[in-house]
Amino acid sequence: MRFGARINRREFLDVLVGAAAICASSSTAASAQSEARHLLQLSGYPLDLETPLDALTTYLTPNDLFFVRTHWMPTRVEPAMWSLTVDGEVSRPLKLSLADLKGLPRTDVTCVLQCSGNGRNWFDPPVPGVQWRYGAVGNARWSGVRVRDVLSRAGLKNAAEHLHTFGGNAPPARVPPFNRSLELEKVLADAIIAYEMNGAPLPHDHGGPARLVVPGWAGDHWMKWLSKLSVSREPQLGYYMETAYKYPLRPGAPGAAIAADDMRPITEMFVKSNITSAPSRMQVGEHASLRGFAFSGAPDIARVELSDDGGVTWRQATLNDQHHPYAWRLWSYDWAPRVRGIHRIAVRARDSRGREQPKIPQWNPSGYLYNGWHTVMVEVA
Amino acid sequence: VIGSCVLRLPLVLTVCSVASIGGGCRSAAEIDTSDFNVRSPALTAESLPQPGAVTASLPPGAGMDAVRSRCVACHEPAMLRQQRLTAQQWMAEIEKMEGWGAPVSNADKAQMSAYLSMIAGPDNTRFTPATVAPVSAEQPTRDPAEKR
């Protein structure tokens with residue numbers, strides 16, 4: 001439907017009815033086609049964009065609809081000018097061009113990237129930060145080189161325990177740089193330096209020319225615009241290691257302060273599922289195919305269940321066969337309501353390590369890793 | 001009636017495509033009743049703002065000038081308007097930024113925390129994310145200076 005400069009009253013009403021109809025059948029293919037593909041912007045600068053839930057229906061999330069998280073305005077680096085320094089506890093420090101990197105054995109990893117603050121908006125009481133709702137998450141095929149292949153060329157020394165990571169953020173004034181570190185054990189197991197995303201050169205907004213990919217771990221570890229890897233005996237210090245990206249060791253009262261000694265860095269993501277396709281309205285006797293995704297910091301999802309009675313009884317969804325370790329599982333569920341009224345449908349997942357998605361997750365001061373049951377409302381006439 | 005519709009429709013679209021100016025944009029036509037997805041009515045690809053566009057403004061009030069001159073160089077107004085913080089939480093955020101080099105006086109701080117807790121206090125339900133175009137791999141580098 002196009003909006004011309006002139007429109008009469010009849011057309012105006014049609015526009016409103018049309019808009020309402022789109023909402024009423026929000027999950028149908030037809031309505032998806034009639035709507036422009038779009039993102040939801042939380043901040044124009046630094047750029048923070050989330051994906052609408054109903055665009056997260058495919059196994060691979062398209063690059064142009066993939067969420068974007070930025071701490072500060074990054075400098076664009078031309079691929080020909082980019083280089084990666086590798087130093088610290090290594091016997092042969094390296095400086096690699098993108099061509100050097102592409103000359104090393106190539107690997108593909110398909111896995112979920114989720115911002116650690118995804119769902120912060122749902123914590124009560126509210127906490128400061130980007131108020132992500134559902135869509136700071138996506139699943140992509142990342143291609144590049146294993147970090148262990150790069151480090152083995154540099155010659156890891158025995159004392160090495162941590163990998164300090166540096167990216168392209170250049171904050172103003174005394175704003176701390178977004179520098180991070182992670183345990184070498186995880187890095188050597190499965191982290192990669194990715195220069196492609198879903199078969200395309202890694203886009204600038206997603207950290208191109210190259211970024212870190214840490215399967216199963218939250219996005220704060222996935223350094224964008226990667227410039228240096230420095231091997232060390234100790235974890236890196238600084239605001240983004242010592243203060244930010246930490247989670248309480250044990251539950252406290254919502255809103256209550258937590259002592260610094262009782263906080264630990266976030267690593268693995270929590271098990272989580274969302275509903276991406278559901279009708280807003282339907283009739284008794286009709287069937288609706290509910291669909292969604294589930295993922296975890298564990299390599300796979302064991303089961304996804306739905307409840308339409310507030311969590312008293314649960315029924316299993318069908319998991320899609322398509323899967324890679326730490327990728328999400330798409331799921332579907334045939335729902336046929338027998339009673340009129342407003343129904344609330346909740347979804348929860350259990351991962352391959354037996355951890356189950358809670359109804360209400362533990363409140364934490366920075367609003368990380370929200371994973372409460374996701375509920376949608378369907379009106380049955 | 002026809003005349004008013006000619007005028008009203010573009011207004012509705014304009015407000016909704018830069019949907020962050022507080023509560024003016026929430027109506028049945030735009031909110032999916034399953035309550036998990038905020039929608040905009042039949043936007044075309046051409047009508048969507050590009051990612052990085054400034055999508056919110058600061059409402060008038062005592063303290064607005066201080067917030068505009070002290071915060072907006074680094075934070076798009078939408079980042080402020082989506083928060084739901086008490087005056088005490090706002091003061092903690094302002095002092096964090098002061099420690100990082102934001103030039104704020106004590107008089108500024110009191111006025112700013114009062115203003116921010118008025119426009120983005122714990123009961124703030126007025127914020128809706130702006131609907132923007134998908135991210136293009138080719139789009140030009142955004143110059144932060146343009147946004148200030």
# chains A, B, ... in the order shown; residues from 1 in each chain; ligands from 1
call {"tool": "residues_around", "arguments": {"residues": "region 250-264 of chain A", "least_positions_apart": "5", "cutoff": "8 Å", "atoms": "only C-alpha atoms", "output": "compact mmCIF listing (two decimals) with N, CA, C and O atoms, in the first residue's frame"}}
result
# COMPACT_ATOMS: atom_id res chain seq x y z
N ASP A 124 12.50 -5.84 37.01
CA ASP A 124 11.76 -4.99 37.93
C ASP A 124 12.39 -5.13 39.32
O ASP A 124 12.41 -6.24 39.86
N PRO A 125 12.89 -4.07 39.96
CA PRO A 125 12.86 -2.69 39.49
C PRO A 125 13.82 -2.45 38.32
O PRO A 125 14.78 -3.19 38.15
N GLN A 362 16.58 -14.24 38.00
CA GLN A 362 17.18 -13.52 39.12
C GLN A 362 17.45 -12.07 38.73
O GLN A 362 18.12 -11.81 37.74
N TRP A 363 16.93 -11.15 39.55
CA TRP A 363 17.23 -9.73 39.33
C TRP A 363 18.72 -9.51 39.56
O TRP A 363 19.33 -10.14 40.44
N ASN A 364 19.33 -8.66 38.76
CA ASN A 364 20.74 -8.31 38.99
C ASN A 364 20.95 -6.85 38.63
O ASN A 364 20.23 -6.29 37.79
N PRO A 365 21.94 -6.19 39.27
CA PRO A 365 22.02 -4.73 39.23
C PRO A 365 22.21 -4.14 37.84
O PRO A 365 21.87 -2.97 37.62
call {"tool": "residues_around", "arguments": {"residues": "Pro171 (chain A)", "least_positions_apart": "3", "cutoff": "10 Å", "atoms": "only C-alpha atoms", "output": "JSON, numbers by chain"}}
result
{"A": [71, 72, 73, 74, 168, 174, 175, 176, 177, 178], "B": [74]}
call {"tool": "select_by_dssp", "arguments": {"residues": "region 139-375 of chain A", "states": "alpha helix (DSSP H)", "output": "PyMOL selection string"}}
result
chain A and resi 147-154+184-190+239-242
call {"tool": "select_by_dssp", "arguments": {"residues": "region 2-206 of chain A", "states": "strand (DSSP E)", "output": "JSON, numbers by chain"}}
result
{"A": [39, 40, 41, 42, 43, 48, 49, 50, 83, 84, 85, 86, 87, 88, 94, 95, 96, 97, 107, 108, 109, 110, 111, 112, 113, 114, 137, 138, 139, 140, 141, 142, 143, 144, 145, 146, 162, 163, 164, 165, 166, 180, 181, 182, 183, 192, 193, 194, 195, 196, 197, 200, 201]}
call {"tool": "closest_residue", "arguments": {"among": "B:Ile119, B:Ala110, B:Val104, B:Ala53", "to": "chain A", "atoms": "only C-alpha atoms"}}
result
B:Ala53
call {"tool": "residues_around", "arguments": {"residues": "region 222-232 of chain A", "least_positions_apart": "3", "cutoff": "7 Å", "atoms": "only C-alpha atoms", "output": "list in words"}}
result
Ser83, Leu84, Thr85, Val86, Asp87, Gly88, Glu89, Val90, Ala160, Glu161, His162, Leu163, His164, Thr165, Phe166, Gly167, Gly168, His206, Gly207, Gly208, Pro209, Ala210, Arg211, Leu212, Val213, Val214 and Gly219 of chain A
call {"tool": "atom_distance", "arguments": {"atom1": "CA of Gly138 (chain A)", "atom2": "CA of Asp309 (chain A)"}}
result
29.3 Å
